[in-house]
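A quick write-up on the structure given underneath.
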Amino acid sequence: MAVPRKKTTKSKRNMRRAHDALTGTQVQECQNCGEMKRPHHVCDSCGYYGDREVVEAADVL
Ligand SMILES: [Zn+2]
């Protein structure tokens, strides 16, 4: 098995990890009700996806 010749320095290791940070969940406004929703997901509050209702609106409130 190939073995690294040198131990990776803290500097090189940290430079490699500079782009590894997680980003937060993306949200956008629902076209139908204006609530914040995740892109490419059915809206939680009105049940719309795009311009049509695909599931019954959750009336939990
Ligand atoms: Zn909505």
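Letters for chains follow the order of the structure tokens (A, B, ...), residue numbers begin at 1 for each chain, and ligand numbers begin at 1 in the order shown.
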Could you pull out the strand (DSSP E) residues of chain A, going by DSSP on the backbone, and write them as a PDB file with all heavy atoms, in the first residue's frame?
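Saved file part_25.pdb follows:
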```
ATOM      1  N   GLN A  28     -36.414  29.462   0.429  1.00  0.00           N
ATOM      2  CA  GLN A  28     -36.926  30.501  -0.463  1.00  0.00           C
ATOM      3  C   GLN A  28     -38.412  30.700  -0.194  1.00  0.00           C
ATOM      4  O   GLN A  28     -39.051  29.846   0.421  1.00  0.00           O
ATOM      5  CB  GLN A  28     -36.680  30.158  -1.931  1.00  0.00           C
ATOM      6  CG  GLN A  28     -37.378  28.891  -2.385  1.00  0.00           C
ATOM      7  CD  GLN A  28     -37.071  28.522  -3.824  1.00  0.00           C
ATOM      8  OE1 GLN A  28     -37.780  27.743  -4.403  1.00  0.00           O
ATOM      9  NE2 GLN A  28     -35.998  29.086  -4.373  1.00  0.00           N
ATOM     10  N   GLU A  29     -38.949  31.839  -0.650  1.00  0.00           N
ATOM     11  CA  GLU A  29     -40.347  32.159  -0.409  1.00  0.00           C
ATOM     12  C   GLU A  29     -41.252  31.280  -1.268  1.00  0.00           C
ATOM     13  O   GLU A  29     -40.988  31.066  -2.444  1.00  0.00           O
ATOM     14  CB  GLU A  29     -40.590  33.629  -0.751  1.00  0.00           C
ATOM     15  CG  GLU A  29     -41.100  34.447   0.421  1.00  0.00           C
ATOM     16  CD  GLU A  29     -41.229  35.898   0.065  1.00  0.00           C
ATOM     17  OE1 GLU A  29     -41.904  36.200  -0.935  1.00  0.00           O
ATOM     18  OE2 GLU A  29     -40.642  36.731   0.775  1.00  0.00           O
ATOM     19  N   MET A  36     -41.634  30.669   4.046  1.00  0.00           N
ATOM     20  CA  MET A  36     -40.315  30.201   3.650  1.00  0.00           C
ATOM     21  C   MET A  36     -40.351  28.683   3.491  1.00  0.00           C
ATOM     22  O   MET A  36     -40.891  27.979   4.355  1.00  0.00           O
ATOM     23  CB  MET A  36     -39.262  30.588   4.710  1.00  0.00           C
ATOM     24  CG  MET A  36     -39.131  32.086   4.899  1.00  0.00           C
ATOM     25  SD  MET A  36     -38.888  32.989   3.364  1.00  0.00           S
ATOM     26  CE  MET A  36     -37.149  32.725   3.080  1.00  0.00           C
ATOM     27  N   LYS A  37     -39.835  28.170   2.367  1.00  0.00           N
ATOM     28  CA  LYS A  37     -39.819  26.738   2.098  1.00  0.00           C
ATOM     29  C   LYS A  37     -38.484  26.349   1.505  1.00  0.00           C
ATOM     30  O   LYS A  37     -37.739  27.202   1.030  1.00  0.00           O
ATOM     31  CB  LYS A  37     -40.953  26.360   1.142  1.00  0.00           C
ATOM     32  CG  LYS A  37     -40.821  26.973  -0.243  1.00  0.00           C
ATOM     33  CD  LYS A  37     -41.947  26.578  -1.160  1.00  0.00           C
ATOM     34  CE  LYS A  37     -41.642  25.410  -2.061  1.00  0.00           C
ATOM     35  NZ  LYS A  37     -40.384  25.471  -2.814  1.00  0.00           N
ATOM     36  N   TYR A  48     -48.500  23.330  -1.571  1.00  0.00           N
ATOM     37  CA  TYR A  48     -48.316  23.568  -2.999  1.00  0.00           C
ATOM     38  C   TYR A  48     -46.913  23.197  -3.437  1.00  0.00           C
ATOM     39  O   TYR A  48     -45.946  23.337  -2.680  1.00  0.00           O
ATOM     40  CB  TYR A  48     -48.561  25.045  -3.326  1.00  0.00           C
ATOM     41  CG  TYR A  48     -49.992  25.341  -3.730  1.00  0.00           C
ATOM     42  CD1 TYR A  48     -51.024  25.178  -2.812  1.00  0.00           C
ATOM     43  CD2 TYR A  48     -50.293  25.787  -5.011  1.00  0.00           C
ATOM     44  CE1 TYR A  48     -52.331  25.448  -3.166  1.00  0.00           C
ATOM     45  CE2 TYR A  48     -51.597  26.069  -5.378  1.00  0.00           C
ATOM     46  CZ  TYR A  48     -52.618  25.900  -4.451  1.00  0.00           C
ATOM     47  OH  TYR A  48     -53.909  26.171  -4.804  1.00  0.00           O
ATOM     48  N   TYR A  49     -46.813  22.693  -4.658  1.00  0.00           N
ATOM     49  CA  TYR A  49     -45.518  22.544  -5.307  1.00  0.00           C
ATOM     50  C   TYR A  49     -45.644  23.201  -6.670  1.00  0.00           C
ATOM     51  O   TYR A  49     -46.450  22.764  -7.503  1.00  0.00           O
ATOM     52  CB  TYR A  49     -45.115  21.083  -5.450  1.00  0.00           C
ATOM     53  CG  TYR A  49     -43.708  20.938  -5.997  1.00  0.00           C
ATOM     54  CD1 TYR A  49     -42.610  21.046  -5.138  1.00  0.00           C
ATOM     55  CD2 TYR A  49     -43.478  20.739  -7.354  1.00  0.00           C
ATOM     56  CE1 TYR A  49     -41.328  20.945  -5.622  1.00  0.00           C
ATOM     57  CE2 TYR A  49     -42.189  20.636  -7.847  1.00  0.00           C
ATOM     58  CZ  TYR A  49     -41.117  20.741  -6.972  1.00  0.00           C
ATOM     59  OH  TYR A  49     -39.835  20.655  -7.454  1.00  0.00           O
ATOM     60  N   ARG A  52     -49.537  24.187  -8.277  1.00  0.00           N
ATOM     61  CA  ARG A  52     -50.685  23.347  -7.953  1.00  0.00           C
ATOM     62  C   ARG A  52     -50.538  22.733  -6.557  1.00  0.00           C
ATOM     63  O   ARG A  52     -49.433  22.552  -6.058  1.00  0.00           O
ATOM     64  CB  ARG A  52     -50.867  22.246  -9.008  1.00  0.00           C
ATOM     65  CG  ARG A  52     -49.748  21.242  -9.053  1.00  0.00           C
ATOM     66  CD  ARG A  52     -49.752  20.442 -10.342  1.00  0.00           C
ATOM     67  NE  ARG A  52     -48.683  19.453 -10.332  1.00  0.00           N
ATOM     68  CZ  ARG A  52     -48.830  18.224  -9.855  1.00  0.00           C
ATOM     69  NH1 ARG A  52     -49.991  17.814  -9.399  1.00  0.00           N
ATOM     70  NH2 ARG A  52     -47.819  17.383  -9.857  1.00  0.00           N
ATOM     71  N   GLU A  53     -51.730  22.404  -5.943  1.00  0.00           N
ATOM     72  CA  GLU A  53     -51.723  21.790  -4.623  1.00  0.00           C
ATOM     73  C   GLU A  53     -51.528  20.294  -4.787  1.00  0.00           C
ATOM     74  O   GLU A  53     -52.303  19.645  -5.482  1.00  0.00           O
ATOM     75  CB  GLU A  53     -53.044  22.087  -3.901  1.00  0.00           C
ATOM     76  CG  GLU A  53     -53.037  21.611  -2.456  1.00  0.00           C
ATOM     77  CD  GLU A  53     -54.285  22.067  -1.699  1.00  0.00           C
ATOM     78  OE1 GLU A  53     -55.200  22.593  -2.339  1.00  0.00           O
ATOM     79  OE2 GLU A  53     -54.306  21.887  -0.470  1.00  0.00           O
TER      80      GLU A  53
END
```
Report as JSON lines the residues of chain A within 7 Å of ligand 1, each with its shortest atom pair and distance in Å (one decimal), using only C-alpha atoms and all ligand atoms, ordered by chain and increasing residue number.
```
{"residue": "A:Cys30", "atom": "CA", "partner": "ligand 1", "partner_atom_place_in_ligand_line": "1 (Zn)", "distance": 4.7}
{"residue": "A:Gln31", "atom": "CA", "partner": "ligand 1", "partner_atom_place_in_ligand_line": "1 (Zn)", "distance": 6.6}
{"residue": "A:Asn32", "atom": "CA", "partner": "ligand 1", "partner_atom_place_in_ligand_line": "1 (Zn)", "distance": 5.0}
{"residue": "A:Cys33", "atom": "CA", "partner": "ligand 1", "partner_atom_place_in_ligand_line": "1 (Zn)", "distance": 4.1}
{"residue": "A:Gly34", "atom": "CA", "partner": "ligand 1", "partner_atom_place_in_ligand_line": "1 (Zn)", "distance": 6.0}
{"residue": "A:Glu35", "atom": "CA", "partner": "ligand 1", "partner_atom_place_in_ligand_line": "1 (Zn)", "distance": 5.5}
{"residue": "A:Cys43", "atom": "CA", "partner": "ligand 1", "partner_atom_place_in_ligand_line": "1 (Zn)", "distance": 4.6}
{"residue": "A:Asp44", "atom": "CA", "partner": "ligand 1", "partner_atom_place_in_ligand_line": "1 (Zn)", "distance": 6.6}
{"residue": "A:Ser45", "atom": "CA", "partner": "ligand 1", "partner_atom_place_in_ligand_line": "1 (Zn)", "distance": 5.3}
{"residue": "A:Cys46", "atom": "CA", "partner": "ligand 1", "partner_atom_place_in_ligand_line": "1 (Zn)", "distance": 4.2}
{"residue": "A:Gly47", "atom": "CA", "partner": "ligand 1", "partner_atom_place_in_ligand_line": "1 (Zn)", "distance": 6.2}
{"residue": "A:Tyr48", "atom": "CA", "partner": "ligand 1", "partner_atom_place_in_ligand_line": "1 (Zn)", "distance": 5.7}
```
Would you export the selected residues with C-alpha atoms as a PDB file, in the first residue's frame, please?
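Output (part_16.pdb):
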```
ATOM      1  CA  CYS A  30     -43.337  30.017  -1.430  1.00  0.00           C
ATOM      2  CA  GLN A  31     -44.867  31.283  -4.692  1.00  0.00           C
ATOM      3  CA  ASN A  32     -48.372  30.577  -3.337  1.00  0.00           C
ATOM      4  CA  CYS A  33     -48.470  31.655   0.328  1.00  0.00           C
ATOM      5  CA  GLY A  34     -45.185  33.492   0.854  1.00  0.00           C
ATOM      6  CA  GLU A  35     -43.961  31.213   3.646  1.00  0.00           C
ATOM      7  CA  CYS A  43     -44.567  23.854   0.864  1.00  0.00           C
ATOM      8  CA  ASP A  44     -45.186  22.866   4.500  1.00  0.00           C
ATOM      9  CA  SER A  45     -47.913  25.438   5.127  1.00  0.00           C
ATOM     10  CA  CYS A  46     -50.053  25.376   1.949  1.00  0.00           C
ATOM     11  CA  GLY A  47     -49.138  22.023   0.365  1.00  0.00           C
ATOM     12  CA  TYR A  48     -48.316  23.568  -2.999  1.00  0.00           C
TER      13      TYR A  48
END
```
Sel. of helix (DSSP H, G or I) residues, chain A, as a PyMOL selection string | chain A and resi 10-19
Dump as a tab-separated table (two decimals), in the first residue's frame, selection limited to N, CA and C atoms:
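Contents of part_27.tsv, freshly written:
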```
chain	number	residue	atom	x	y	z
A	10	LYS	N	0.25	20.94	9.84
A	10	LYS	CA	-1.00	21.56	10.29
A	10	LYS	C	-1.48	22.57	9.27
A	11	SER	N	-0.54	23.30	8.70
A	11	SER	CA	-0.88	24.33	7.72
A	11	SER	C	-1.56	23.73	6.50
A	12	LYS	N	-0.92	22.69	5.91
A	12	LYS	CA	-1.50	22.07	4.70
A	12	LYS	C	-2.84	21.40	5.01
A	13	ARG	N	-2.91	20.73	6.18
A	13	ARG	CA	-4.16	20.07	6.58
A	13	ARG	C	-5.28	21.10	6.71
A	14	ASN	N	-4.98	22.23	7.37
A	14	ASN	CA	-6.01	23.25	7.58
A	14	ASN	C	-6.37	23.96	6.29
A	15	MET	N	-5.38	24.12	5.39
A	15	MET	CA	-5.69	24.72	4.08
A	15	MET	C	-6.65	23.82	3.31
A	16	ARG	N	-6.44	22.49	3.40
A	16	ARG	CA	-7.32	21.54	2.71
A	16	ARG	C	-8.74	21.63	3.28
A	17	ARG	N	-8.83	21.80	4.61
A	17	ARG	CA	-10.14	21.82	5.26
A	17	ARG	C	-10.83	23.18	5.19
A	18	ALA	N	-10.19	24.15	4.59
A	18	ALA	CA	-10.75	25.50	4.54
A	18	ALA	C	-12.10	25.52	3.82
A	19	HIS	N	-12.32	24.57	2.88
A	19	HIS	CA	-13.55	24.56	2.09
A	19	HIS	C	-14.55	23.51	2.58
```
So how far away is CA of Pro39 in chain A from CA of Val27 in chain A, in Å?
-> 6.3 Å
